[in-house]
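Trainee: Below you'll find the structure I mean.
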Amino acid sequence: MSGANQFLLECPVCRAKSLVTGGAKIYCPPCGYEADGTNGAADWVNNVLGIVEQPGHRKRAIHECPACKKEALVAAGSAGGSAKENFICFSCGSRWQDDELLICQECSRLRPADEFEELIICRSSVGFYVCHSCYEKVFK
Ligand SMILES: [Zn+2]
Ligand SMILES: [Zn+2]
Ligand SMILES: [Zn+2]
């Protein structure tokens, strides 16, 4: 997960496949469009996917990035050259496949699947899986 994690996506303004992600901002050299990761993710989801996020509702297309903690992780479908659903962070440029991220049942964030811990609730034989930071909170 380095800053060199750059790849090209469809630009929300000119629709050329020339939008550069990663490095805390996104930009499109041909048309001059530029935004930070959070605003860029919102523009991209609105204009390219056609999804308008409703304030107060659970977000469908933009999530908190597990790597940089910005609200810039986009469920980008097959964009970026992947055959299946993948998640791309418009801020740090990190990228995950669909099955590499799980939603934590405690904090409702997408977290890397290998960070999950099984939480056994007292007097309940049923454990459930939560992300590492929620697990830490419970045992502090
Ligand atoms: Zn453009
Ligand atoms: Zn990120
Ligand atoms: Zn959690």
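Convention: chains lettered A, B, ... in structure tokens order; per-chain residue numbering from 1; ligands numbered from 1 as shown.
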Grab me every residue within 8 Å of ligand 1, counting only C-alpha atoms and all ligand atoms, and send it over as a ChimeraX atom specification.
Mentor: /A:10-19,27-33
Trainee: Around ligand 2, out to 12 Å and counting only C-alpha atoms and all ligand atoms, which residues are there? I want them as an NGL selection string.
Mentor: :A and (1-3 or 5-6 or 21-25 or 36-38 or 41 or 62-74 or 87-96 or 110-111)
Trainee: Residues at most 7 Å from A:Val130, counting only C-alpha atoms, excluding those fewer than 4 positions away in the same chain, as a compact mmCIF listing (two decimals) with all heavy atoms, in the first residue's frame?
Mentor:
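In the end it all went to selection_0.txt:
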# COMPACT_ATOMS: atom_id res chain seq x y z
N CYS A 104 -17.82 -5.10 9.32
CA CYS A 104 -17.79 -5.41 10.75
C CYS A 104 -19.20 -5.23 11.31
O CYS A 104 -19.83 -4.20 11.10
CB CYS A 104 -16.82 -4.48 11.45
SG CYS A 104 -16.89 -4.62 13.24
N GLN A 105 -19.67 -6.22 12.04
CA GLN A 105 -21.04 -6.16 12.57
C GLN A 105 -21.14 -5.17 13.72
O GLN A 105 -22.23 -4.81 14.14
CB GLN A 105 -21.48 -7.55 13.03
CG GLN A 105 -21.52 -8.54 11.89
CD GLN A 105 -21.83 -9.95 12.38
OE1 GLN A 105 -22.73 -10.16 13.16
NE2 GLN A 105 -21.06 -10.91 11.92
N GLU A 106 -20.01 -4.74 14.24
CA GLU A 106 -20.01 -3.82 15.36
C GLU A 106 -19.98 -2.37 14.89
O GLU A 106 -20.77 -1.55 15.31
CB GLU A 106 -18.79 -4.13 16.25
CG GLU A 106 -18.76 -3.41 17.57
CD GLU A 106 -19.89 -3.81 18.51
OE1 GLU A 106 -20.46 -4.91 18.34
OE2 GLU A 106 -20.22 -3.02 19.40
N PHE A 116 -10.19 -9.83 11.12
CA PHE A 116 -11.33 -10.11 11.98
C PHE A 116 -10.99 -11.09 13.09
O PHE A 116 -10.18 -11.99 12.94
CB PHE A 116 -12.50 -10.64 11.14
CG PHE A 116 -13.30 -9.52 10.53
CD1 PHE A 116 -12.77 -8.78 9.48
CD2 PHE A 116 -14.54 -9.19 11.01
CE1 PHE A 116 -13.48 -7.73 8.93
CE2 PHE A 116 -15.26 -8.14 10.47
CZ PHE A 116 -14.73 -7.41 9.43
N GLU A 117 -11.63 -10.86 14.23
CA GLU A 117 -11.43 -11.74 15.39
C GLU A 117 -12.80 -12.25 15.80
O GLU A 117 -13.79 -11.53 15.72
CB GLU A 117 -10.86 -10.94 16.57
CG GLU A 117 -9.68 -10.08 16.23
CD GLU A 117 -8.36 -10.73 16.59
OE1 GLU A 117 -8.40 -11.88 17.07
OE2 GLU A 117 -7.33 -10.09 16.41
N GLU A 118 -12.82 -13.46 16.32
CA GLU A 118 -14.10 -13.99 16.76
C GLU A 118 -14.36 -13.51 18.19
O GLU A 118 -13.54 -13.67 19.08
CB GLU A 118 -14.13 -15.51 16.71
CG GLU A 118 -15.53 -16.04 16.96
CD GLU A 118 -15.62 -17.55 16.80
OE1 GLU A 118 -14.56 -18.19 16.72
OE2 GLU A 118 -16.75 -18.07 16.77
N LEU A 119 -15.52 -12.90 18.35
CA LEU A 119 -15.89 -12.36 19.65
C LEU A 119 -16.88 -13.33 20.29
O LEU A 119 -17.94 -13.60 19.73
CB LEU A 119 -16.54 -11.00 19.45
CG LEU A 119 -16.73 -10.10 20.66
CD1 LEU A 119 -15.38 -9.63 21.20
CD2 LEU A 119 -17.54 -8.88 20.25
N CYS A 134 -12.56 -3.03 16.97
CA CYS A 134 -13.72 -3.28 17.85
C CYS A 134 -13.37 -4.36 18.86
O CYS A 134 -13.75 -4.27 20.04
CB CYS A 134 -14.94 -3.71 17.04
SG CYS A 134 -15.64 -2.37 16.08
N TYR A 135 -12.64 -5.34 18.46
CA TYR A 135 -12.23 -6.42 19.36
C TYR A 135 -11.37 -5.86 20.49
O TYR A 135 -11.57 -6.19 21.65
CB TYR A 135 -11.44 -7.44 18.54
CG TYR A 135 -11.03 -8.69 19.31
CD1 TYR A 135 -11.92 -9.74 19.45
CD2 TYR A 135 -9.76 -8.79 19.85
CE1 TYR A 135 -11.55 -10.89 20.13
CE2 TYR A 135 -9.37 -9.93 20.53
CZ TYR A 135 -10.27 -10.99 20.67
OH TYR A 135 -9.90 -12.12 21.34
Trainee: Quick check, in Å to one decimal: how far apart do atom CA of A:Gly127 and atom CA of A:Ser108 lie?
Mentor: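 The value is 17.0 Å.
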Trainee: Which one of A:Glu53, A:Ala113, A:Phe128, A:Ile103 sits closest to ligand 3 if you count only C-alpha atoms and all ligand atoms?
Mentor: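 For ligand 3, the nearest of the candidates is A:Ile103.
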Trainee: I'd like the interatomic distance between atom CA of A:His132 and atom CA of A:Pro55, to a tenth of an Å.
Mentor: 27.7 Å
Trainee: Report the distance between atom CA of A:Arg60 and atom CA of A:Leu9 in Å, rounded to one decimal place.
Mentor: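 Taking atom CA of A:Arg60 and atom CA of A:Leu9, their separation equals 19.4 Å.
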Trainee: Here is a test: counting only C-alpha atoms and all ligand atoms, which residue of A:Val45, A:Ile120, A:Cys131, A:Val138 is nearest to ligand 3?
Mentor: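 For ligand 3, the nearest of the candidates is A:Cys131.
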Trainee: Tell me which of A:Lys137, A:Glu115, A:Arg109, A:Asn39 sits closest to ligand 3, counting only C-alpha atoms and all ligand atoms.
Mentor: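 Distance minimum relative to ligand 3 lands on A:Arg109.
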Trainee: Run DSSP on the backbone and grab whatever in chain A lands in helix (DSSP H, G or I); send it over as a ChimeraX atom specification.
Mentor: /A:37-49,98-100,113-115,132-138
Trainee: List every residue of stretch 21-102 of chain A that DSSP, applied to the backbone of this structure, places in strand (DSSP E), and write the result as a PyMOL selection string.
Mentor: chain A and resi 25-27+34-36+62-63+73-75+86-89+95-97+101-102
Trainee: Hey, which of A:Gly50, A:Pro112, A:Gly56, A:Gly40 ends up closest to ligand 3? Count only C-alpha atoms and all ligand atoms.
Mentor: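 Looking only at the distances to ligand 3, the closest residue turns out to be A:Pro112.
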